[in-house]
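Here the structure comes first, spelled out in structure tokens, and everything after it is commentary.
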Amino acid sequence: MRPFSGTGIEVDSEFAVESQNDLLAVILESRGGTSPGSAQRNPDYNVALDLLLSRLAQLRATVVDAFVDSVTTRQLPLERRRIVAAQITLDSDTDVPLVRAELGRAAAAVNRAPNASGEGNRTRRIKLLVAVPGYAASDHATLAAALARPSLALDVSPTAVRGFLRSMIGTAIPTVSGSRHNTILAVDSRNVTVATDRAPTGQPVPISEVAAAMELIKEQSVVDVSVGVLGYRSAFIGAVLLQLPGARVVGASPARVAIGDLFARDSNPPNELATVEVGPFQGALDRPATVRQRREQQQLRAALLLGRTEAECALCGEKYPARFLWASHIKKRAAATDQEARDIPRVAMLACLFGCDALFEDGYVSVENGTIVGATSVPGSTAIGRRIGQLRGRSVDRYADAAAYFDWHRAHVFMN
């Protein structure tokens, strides 16, 4: 199967997840066809590895072992093809591009002649043996789907959030614990009025707090239902999140709401629906997950929009309604220091959801001395190549006050 970027673009690189003893094995196929005139295979290898590591970090996984797993090296002892010196604990503070680079350097050195020239092949077939909280070895298909994670098309604009709330007026909405219910009585321009057992005539909850929670779950896929994260009305807001398509409760103390596609994409349907077995689901229905919340996201977005309902994308320059613009970190949030993460709004930019955010996030484009540069490894005849061509050479005004962050992106994320 192939992973999808945060905005739903399919990444051209194959991976799989298998069970291996008591662990899960994440396998990334090698890149090939780099010679002129040859057909490319898995050209987005580095992008895919970054995505897989980032999503494992969201799940707080531990890389217990890792090694090159190509046909030509399988006859070697495991010690000679190992690419980690010790276990790696992944979390929201992990510098994913650095981990990916270290794995690549180690893979290139496996079974390499002492006098060989060049840096070697850093994009070989590798296997990561991982332990993921809440996932048993038998959950390999579920983990594969979580790592692929197609983007959630969730509109968090005020108009859309109000419409979503209005659609539930008069409906008893269960809390994540299932022990209590909230009933929406009315929705106006600023507040949603909610009735509970303790307040049957209703109390107001700011719609902005619901919208902020929906933006969090859109960005991170999992949200703690707690006062510290969602505010004083966390029980009601968690109940609203649970009404989103595909939402489910995971874990406890605190309970969390997760959202996303649980079903793995088959690489060669066409009759994938016909192959699904009918019958009761086997195994645990819920699993725990632990993530850290980015509490500055709402302030960051507000600082970039400055109250505007529409604004220009920093990359393509097109003006879009605010709901089509993402507060995109220039330097990846996981790699930023605490001081850099607080450098609002210089650490981020508005990027549109019509390709610019994903192309920058995945390293297809970057900014050099104020001008957009594009990955030359992508054929210009492809859809991504044509989009890169449209952006290449454009001036980026944000570079003037965020040069250090753009330079970091070019050095650590840009595919060239």
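Residue names in the structure tokens use chain letters A, B, ... in the order shown, residue numbers from 1 in each chain, and ligand numbers from 1 in the order shown.
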
Show me a table, sorted first by chain and then by increasing residue number, of the residues of region 109-195 of chain A having an atom at most 12 Å from region 296-314 of chain A, each with its shortest atom pair and the distance in Å to one decimal, counting only C-alpha atoms and written as CSV.
residue,atom,partner,partner_atom,distance
A:Val156,CA,A:Gln298,CA,11.8
A:Ser157,CA,A:Thr309,CA,9.6
A:Pro158,CA,A:Thr309,CA,10.2
A:Thr159,CA,A:Thr309,CA,11.3

How would the residues just chosen look if you wrote them out with N, CA and C atoms as a CSV table (one decimal), in the first residue's frame?
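part37.csv written:
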chain,number,residue,atom,x,y,z
A,156,VAL,N,-13.6,23.4,8.9
A,156,VAL,CA,-13.7,23.9,10.2
A,156,VAL,C,-13.9,25.4,10.1
A,157,SER,N,-14.5,25.9,9.0
A,157,SER,CA,-14.8,27.3,8.9
A,157,SER,C,-16.0,27.6,9.9
A,158,PRO,N,-16.2,28.8,10.4
A,158,PRO,CA,-17.3,29.1,11.3
A,158,PRO,C,-18.7,28.7,10.7
A,159,THR,N,-18.9,29.0,9.4
A,159,THR,CA,-20.2,28.7,8.7
A,159,THR,C,-20.4,27.2,8.8

| remark: With distances taken over only C-alpha atoms, the candidate from A:Val110, A:Leu23, A:Leu165, A:Val176 nearest Tyr135 (chain A) is A:Leu23

| task | Work out how far apart CA of Ser328 (chain A) and CA of Arg394 (chain A) are and give it in Å to one decimal. | result | 18.2 Å

Compile the contact shell of Ala108 (chain A) as a compact mmCIF listing (two decimals) with all heavy atoms, in the first residue's frame: residues with an atom at most 8 Å away, counting only C-alpha atoms, same-chain residues fewer than 6 positions apart removed.
# COMPACT_ATOMS: atom_id res chain seq x y z
N GLU A 119 28.48 7.92 -1.73
CA GLU A 119 27.83 7.78 -0.42
C GLU A 119 27.02 6.50 -0.29
O GLU A 119 26.55 6.19 0.79
CB GLU A 119 26.92 8.99 -0.17
CG GLU A 119 25.76 9.11 -1.13
CD GLU A 119 24.86 10.28 -0.81
OE1 GLU A 119 25.28 11.18 -0.05
OE2 GLU A 119 23.72 10.31 -1.31
N GLY A 120 26.87 5.74 -1.37
CA GLY A 120 26.12 4.50 -1.29
C GLY A 120 24.63 4.70 -1.44
O GLY A 120 24.14 5.82 -1.59
N ASN A 121 23.89 3.60 -1.41
CA ASN A 121 22.44 3.61 -1.61
C ASN A 121 21.72 3.79 -0.28
O ASN A 121 21.70 2.90 0.56
CB ASN A 121 22.00 2.31 -2.28
CG ASN A 121 20.51 2.27 -2.56
OD1 ASN A 121 19.82 3.26 -2.36
ND2 ASN A 121 20.02 1.13 -3.01
N ARG A 122 21.09 4.96 -0.10
CA ARG A 122 20.39 5.26 1.14
C ARG A 122 18.90 4.93 1.06
O ARG A 122 18.16 5.21 2.01
CB ARG A 122 20.56 6.74 1.49
CG ARG A 122 21.99 7.17 1.69
CD ARG A 122 22.05 8.59 2.24
NE ARG A 122 23.42 9.01 2.48
CZ ARG A 122 23.77 10.02 3.27
NH1 ARG A 122 22.83 10.71 3.89
NH2 ARG A 122 25.03 10.35 3.43
N THR A 123 18.45 4.38 -0.04
CA THR A 123 17.01 4.13 -0.21
C THR A 123 16.76 2.64 -0.47
O THR A 123 16.05 2.27 -1.39
CB THR A 123 16.45 4.99 -1.35
OG1 THR A 123 17.21 4.74 -2.55
CG2 THR A 123 16.54 6.47 -1.02
N ARG A 124 17.33 1.80 0.36
CA ARG A 124 17.18 0.35 0.21
C ARG A 124 15.92 -0.13 0.92
O ARG A 124 15.30 0.60 1.70
CB ARG A 124 18.42 -0.34 0.77
CG ARG A 124 19.71 0.16 0.14
CD ARG A 124 20.94 -0.33 0.85
NE ARG A 124 21.30 -1.69 0.48
CZ ARG A 124 22.42 -2.27 0.88
NH1 ARG A 124 23.28 -1.64 1.66
NH2 ARG A 124 22.68 -3.52 0.51

| task | Provide the CA of Val63 (chain A) to CA of Val222 (chain A) distance in Å, to one decimal place. | result |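 Between CA of Val63 (chain A) and CA of Val222 (chain A) the gap is 21.4 Å.
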
| query | Could you work out how far CA of Ser208 (chain A) lies from CA of Arg190 (chain A), giving the answer in Å with one decimal? | reply | 7.5 Å

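Each of A:Asn182, A:Pro254, A:Val161, A:Arg346 was compared to Val210 (chain A) using only C-alpha atoms, and A:Val161 turns out to be the nearest.
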
Quick one: residues within 8 Å of Ala213 (chain A), only C-alpha atoms counted, chain neighbours fewer than 4 positions away excluded, as a short mmCIF file (atom, residue, chain, number, x, y, z; two decimals) with N, CA, C and O atoms, in the first residue's frame?
data_model
loop_
_atom_site.label_atom_id
_atom_site.label_comp_id
_atom_site.auth_asym_id
_atom_site.auth_seq_id
_atom_site.Cartn_x
_atom_site.Cartn_y
_atom_site.Cartn_z
N GLU A 209 -14.91 27.62 20.42
CA GLU A 209 -14.24 26.53 21.14
C GLU A 209 -14.48 25.20 20.43
O GLU A 209 -13.58 24.35 20.39
N ILE A 217 -8.42 18.15 15.91
CA ILE A 217 -8.58 16.76 15.50
C ILE A 217 -8.30 16.60 14.00
O ILE A 217 -7.83 15.56 13.54
N VAL A 223 -7.57 13.55 19.86
CA VAL A 223 -7.67 14.67 20.79
C VAL A 223 -8.06 14.15 22.17
O VAL A 223 -8.97 13.33 22.30
N LEU A 230 -9.58 20.88 25.88
CA LEU A 230 -10.79 21.36 25.22
C LEU A 230 -11.53 22.45 26.01
O LEU A 230 -12.50 23.01 25.51
N ILE A 237 -17.97 19.24 24.06
CA ILE A 237 -17.17 19.34 22.84
C ILE A 237 -16.69 17.96 22.40
O ILE A 237 -16.68 17.62 21.22
N LEU A 241 -17.35 16.06 18.81
CA LEU A 241 -16.30 15.44 17.99
C LEU A 241 -16.66 13.99 17.67
O LEU A 241 -16.35 13.48 16.58
#

Identify, on the basis of only C-alpha atoms, every residue whose closest approach to Leu28 (chain A) does not exceed 9 Å; exclude the query and any residue fewer than 5 positions from it along the same chain; express the result as a PDB file with N, CA and C atoms, in the first residue's frame.
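Result file follows (part09.pdb):
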ATOM      1  N   SER A  13       5.306   5.478  -3.154  1.00  0.00           N
ATOM      2  CA  SER A  13       6.256   4.590  -2.497  1.00  0.00           C
ATOM      3  C   SER A  13       5.477   3.533  -1.728  1.00  0.00           C
ATOM      4  N   GLU A  14       5.856   2.276  -1.898  1.00  0.00           N
ATOM      5  CA  GLU A  14       5.115   1.161  -1.304  1.00  0.00           C
ATOM      6  C   GLU A  14       5.664   0.802   0.075  1.00  0.00           C
ATOM      7  N   PHE A  15       4.737   0.510   0.987  1.00  0.00           N
ATOM      8  CA  PHE A  15       5.139  -0.009   2.294  1.00  0.00           C
ATOM      9  C   PHE A  15       4.139  -1.075   2.733  1.00  0.00           C
ATOM     10  N   ALA A  16       4.496  -1.811   3.769  1.00  0.00           N
ATOM     11  CA  ALA A  16       3.609  -2.838   4.321  1.00  0.00           C
ATOM     12  C   ALA A  16       3.882  -2.967   5.804  1.00  0.00           C
ATOM     13  N   VAL A  17       2.926  -3.546   6.510  1.00  0.00           N
ATOM     14  CA  VAL A  17       3.100  -3.838   7.930  1.00  0.00           C
ATOM     15  C   VAL A  17       2.769  -5.302   8.147  1.00  0.00           C
ATOM     16  N   TYR A  45      10.500   7.674  -1.917  1.00  0.00           N
ATOM     17  CA  TYR A  45      10.979   6.877  -0.782  1.00  0.00           C
ATOM     18  C   TYR A  45      11.191   7.739   0.467  1.00  0.00           C
ATOM     19  N   ALA A  48       7.993   9.140   1.908  1.00  0.00           N
ATOM     20  CA  ALA A  48       7.225   8.085   2.585  1.00  0.00           C
ATOM     21  C   ALA A  48       7.827   7.736   3.937  1.00  0.00           C
ATOM     22  N   LEU A  49       9.165   7.646   4.004  1.00  0.00           N
ATOM     23  CA  LEU A  49       9.800   7.305   5.271  1.00  0.00           C
ATOM     24  C   LEU A  49       9.559   8.395   6.305  1.00  0.00           C
ATOM     25  N   ARG A 124      17.333   1.801   0.356  1.00  0.00           N
ATOM     26  CA  ARG A 124      17.184   0.355   0.206  1.00  0.00           C
ATOM     27  C   ARG A 124      15.916  -0.128   0.924  1.00  0.00           C
ATOM     28  N   ARG A 125      15.566  -1.373   0.650  1.00  0.00           N
ATOM     29  CA  ARG A 125      14.415  -1.965   1.350  1.00  0.00           C
ATOM     30  C   ARG A 125      14.794  -2.168   2.813  1.00  0.00           C
ATOM     31  N   ILE A 126      14.009  -1.569   3.719  1.00  0.00           N
ATOM     32  CA  ILE A 126      14.322  -1.666   5.139  1.00  0.00           C
ATOM     33  C   ILE A 126      13.116  -2.202   5.909  1.00  0.00           C
ATOM     34  N   LYS A 127      13.409  -2.769   7.056  1.00  0.00           N
ATOM     35  CA  LYS A 127      12.368  -3.275   7.950  1.00  0.00           C
ATOM     36  C   LYS A 127      12.594  -2.678   9.331  1.00  0.00           C
ATOM     37  N   LEU A 128      11.554  -2.022   9.857  1.00  0.00           N
ATOM     38  CA  LEU A 128      11.586  -1.471  11.205  1.00  0.00           C
ATOM     39  C   LEU A 128      10.716  -2.339  12.109  1.00  0.00           C
TER      40      LEU A 128
END

| request: List every residue of region 10-236 of chain A that DSSP, applied to the backbone of this structure, places in helix (DSSP H, G or I), and write the result as a VMD selection string. | output: chain A and resid 45 to 58 78 to 81 96 to 109 137 to 148 158 to 166 207 to 220 227 to 230 234 to 236

| task | Mind the document's chain letters and residue numbers, and return as number ranges by chain the residues of region 64-264 of chain A that DSSP labels strand (DSSP E or B). | result | A: 64-68, 82, 88-89, 126-131, 169, 172-174, 181-187, 191-195, 203-206, 222-224, 248-250, 256-258

Please dump the current selection as a PDB file, in the first residue's frame; keep C-alpha atoms.
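Result went into selection-v3.pdb, see below:
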ATOM      1  CA  VAL A  64      13.106  -1.843  18.734  1.00  0.00           C
ATOM      2  CA  ASP A  65      15.315  -2.874  15.812  1.00  0.00           C
ATOM      3  CA  ALA A  66      15.842  -1.993  12.172  1.00  0.00           C
ATOM      4  CA  PHE A  67      17.807  -3.541   9.341  1.00  0.00           C
ATOM      5  CA  VAL A  68      18.228  -3.706   5.581  1.00  0.00           C
ATOM      6  CA  ARG A  82      21.345  -3.722  11.395  1.00  0.00           C
ATOM      7  CA  ILE A  88      14.631   4.722  19.224  1.00  0.00           C
ATOM      8  CA  THR A  89      11.673   6.178  21.108  1.00  0.00           C
ATOM      9  CA  ILE A 126      14.322  -1.666   5.139  1.00  0.00           C
ATOM     10  CA  LYS A 127      12.368  -3.275   7.950  1.00  0.00           C
ATOM     11  CA  LEU A 128      11.586  -1.471  11.205  1.00  0.00           C
ATOM     12  CA  LEU A 129      10.530  -3.658  14.132  1.00  0.00           C
ATOM     13  CA  VAL A 130       8.283  -1.477  16.268  1.00  0.00           C
ATOM     14  CA  ALA A 131       6.336  -1.653  19.503  1.00  0.00           C
ATOM     15  CA  ILE A 169     -30.555  20.472  17.207  1.00  0.00           C
ATOM     16  CA  ALA A 172     -29.444  13.749  22.473  1.00  0.00           C
ATOM     17  CA  ILE A 173     -25.668  13.459  21.983  1.00  0.00           C
ATOM     18  CA  PRO A 174     -23.859  10.970  24.243  1.00  0.00           C
ATOM     19  CA  HIS A 181     -26.219  13.145  27.166  1.00  0.00           C
ATOM     20  CA  ASN A 182     -26.166  16.709  25.855  1.00  0.00           C
ATOM     21  CA  THR A 183     -28.972  18.178  23.763  1.00  0.00           C
ATOM     22  CA  ILE A 184     -28.433  21.131  21.445  1.00  0.00           C
ATOM     23  CA  LEU A 185     -31.338  23.548  21.830  1.00  0.00           C
ATOM     24  CA  ALA A 186     -30.273  26.420  19.572  1.00  0.00           C
ATOM     25  CA  VAL A 187     -27.363  27.781  17.542  1.00  0.00           C
ATOM     26  CA  ASN A 191     -22.907  30.312  20.722  1.00  0.00           C
ATOM     27  CA  VAL A 192     -24.530  26.899  20.796  1.00  0.00           C
ATOM     28  CA  THR A 193     -27.051  26.443  23.600  1.00  0.00           C
ATOM     29  CA  VAL A 194     -26.698  23.043  25.266  1.00  0.00           C
ATOM     30  CA  ALA A 195     -29.060  21.342  27.721  1.00  0.00           C
ATOM     31  CA  GLN A 203     -26.239  27.034  28.747  1.00  0.00           C
ATOM     32  CA  PRO A 204     -24.190  28.756  26.024  1.00  0.00           C
ATOM     33  CA  VAL A 205     -20.959  27.274  24.660  1.00  0.00           C
ATOM     34  CA  PRO A 206     -18.847  29.443  22.312  1.00  0.00           C
ATOM     35  CA  VAL A 222      -6.544  12.223  18.078  1.00  0.00           C
ATOM     36  CA  VAL A 223      -7.669  14.670  20.789  1.00  0.00           C
ATOM     37  CA  ASP A 224      -7.741  14.307  24.580  1.00  0.00           C
ATOM     38  CA  ARG A 248     -14.423   6.714  17.803  1.00  0.00           C
ATOM     39  CA  VAL A 249     -13.366   6.676  21.465  1.00  0.00           C
ATOM     40  CA  VAL A 250      -9.904   5.329  22.278  1.00  0.00           C
ATOM     41  CA  ARG A 256      -9.708  10.441  23.557  1.00  0.00           C
ATOM     42  CA  VAL A 257     -11.606  10.886  20.335  1.00  0.00           C
ATOM     43  CA  ALA A 258      -9.815   9.661  17.215  1.00  0.00           C
TER      44      ALA A 258
END

| field | Selection near Ile388 (chain A), 8 Å with only C-alpha atoms, sequence-local residues under 5 positions removed, as a PyMOL selection string | value | chain A and resi 364-365+374-375

Please produce a file of the residues just selected, as a PDB file, in the first residue's frame, where the atoms kept are N, CA and C atoms.
ATOM      1  N   TYR A 364       8.517  18.708  -1.849  1.00  0.00           N
ATOM      2  CA  TYR A 364       8.582  18.833  -3.306  1.00  0.00           C
ATOM      3  C   TYR A 364       9.014  20.244  -3.717  1.00  0.00           C
ATOM      4  N   VAL A 365       8.686  21.226  -2.910  1.00  0.00           N
ATOM      5  CA  VAL A 365       9.134  22.602  -3.158  1.00  0.00           C
ATOM      6  C   VAL A 365       9.709  23.168  -1.871  1.00  0.00           C
ATOM      7  N   GLY A 374      12.015  23.897  -6.936  1.00  0.00           N
ATOM      8  CA  GLY A 374      11.267  22.651  -7.003  1.00  0.00           C
ATOM      9  C   GLY A 374      12.176  21.453  -7.174  1.00  0.00           C
ATOM     10  N   ALA A 375      11.716  20.293  -6.717  1.00  0.00           N
ATOM     11  CA  ALA A 375      12.489  19.053  -6.836  1.00  0.00           C
ATOM     12  C   ALA A 375      12.668  18.690  -8.306  1.00  0.00           C
TER      13      ALA A 375
END

| Within 8 Å of Pro97 (chain A), counting only C-alpha atoms, which residues qualify if same-chain residues fewer than 3 places away don't, as a list of chain:residue names? |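 Here the answer would be A:Asp50, A:Arg100, A:Ala101, A:His412, A:Val413.
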
Those residues you just picked out, can you put them in a file as a PDB file, in the first residue's frame with N, CA and C atoms?
ATOM      1  N   ASP A  50       9.607   9.654   5.881  1.00  0.00           N
ATOM      2  CA  ASP A  50       9.278  10.749   6.799  1.00  0.00           C
ATOM      3  C   ASP A  50       7.843  10.631   7.330  1.00  0.00           C
ATOM      4  N   ARG A 100      15.458   9.875   9.818  1.00  0.00           N
ATOM      5  CA  ARG A 100      15.448   9.309   8.461  1.00  0.00           C
ATOM      6  C   ARG A 100      16.836   9.355   7.835  1.00  0.00           C
ATOM      7  N   ALA A 101      17.550  10.474   8.003  1.00  0.00           N
ATOM      8  CA  ALA A 101      18.890  10.602   7.432  1.00  0.00           C
ATOM      9  C   ALA A 101      19.859   9.597   8.056  1.00  0.00           C
ATOM     10  N   HIS A 412      16.646  20.353   5.327  1.00  0.00           N
ATOM     11  CA  HIS A 412      16.238  19.114   5.989  1.00  0.00           C
ATOM     12  C   HIS A 412      15.041  18.421   5.365  1.00  0.00           C
ATOM     13  N   VAL A 413      14.213  19.144   4.599  1.00  0.00           N
ATOM     14  CA  VAL A 413      12.992  18.558   4.082  1.00  0.00           C
ATOM     15  C   VAL A 413      12.982  18.491   2.546  1.00  0.00           C
TER      16      VAL A 413
END

| task | Rank nothing, just name the residue among A:Val99, A:Ala327, A:Val373, A:Leu24 nearest to Glu215 (chain A), using only C-alpha atoms. | result | A:Ala327
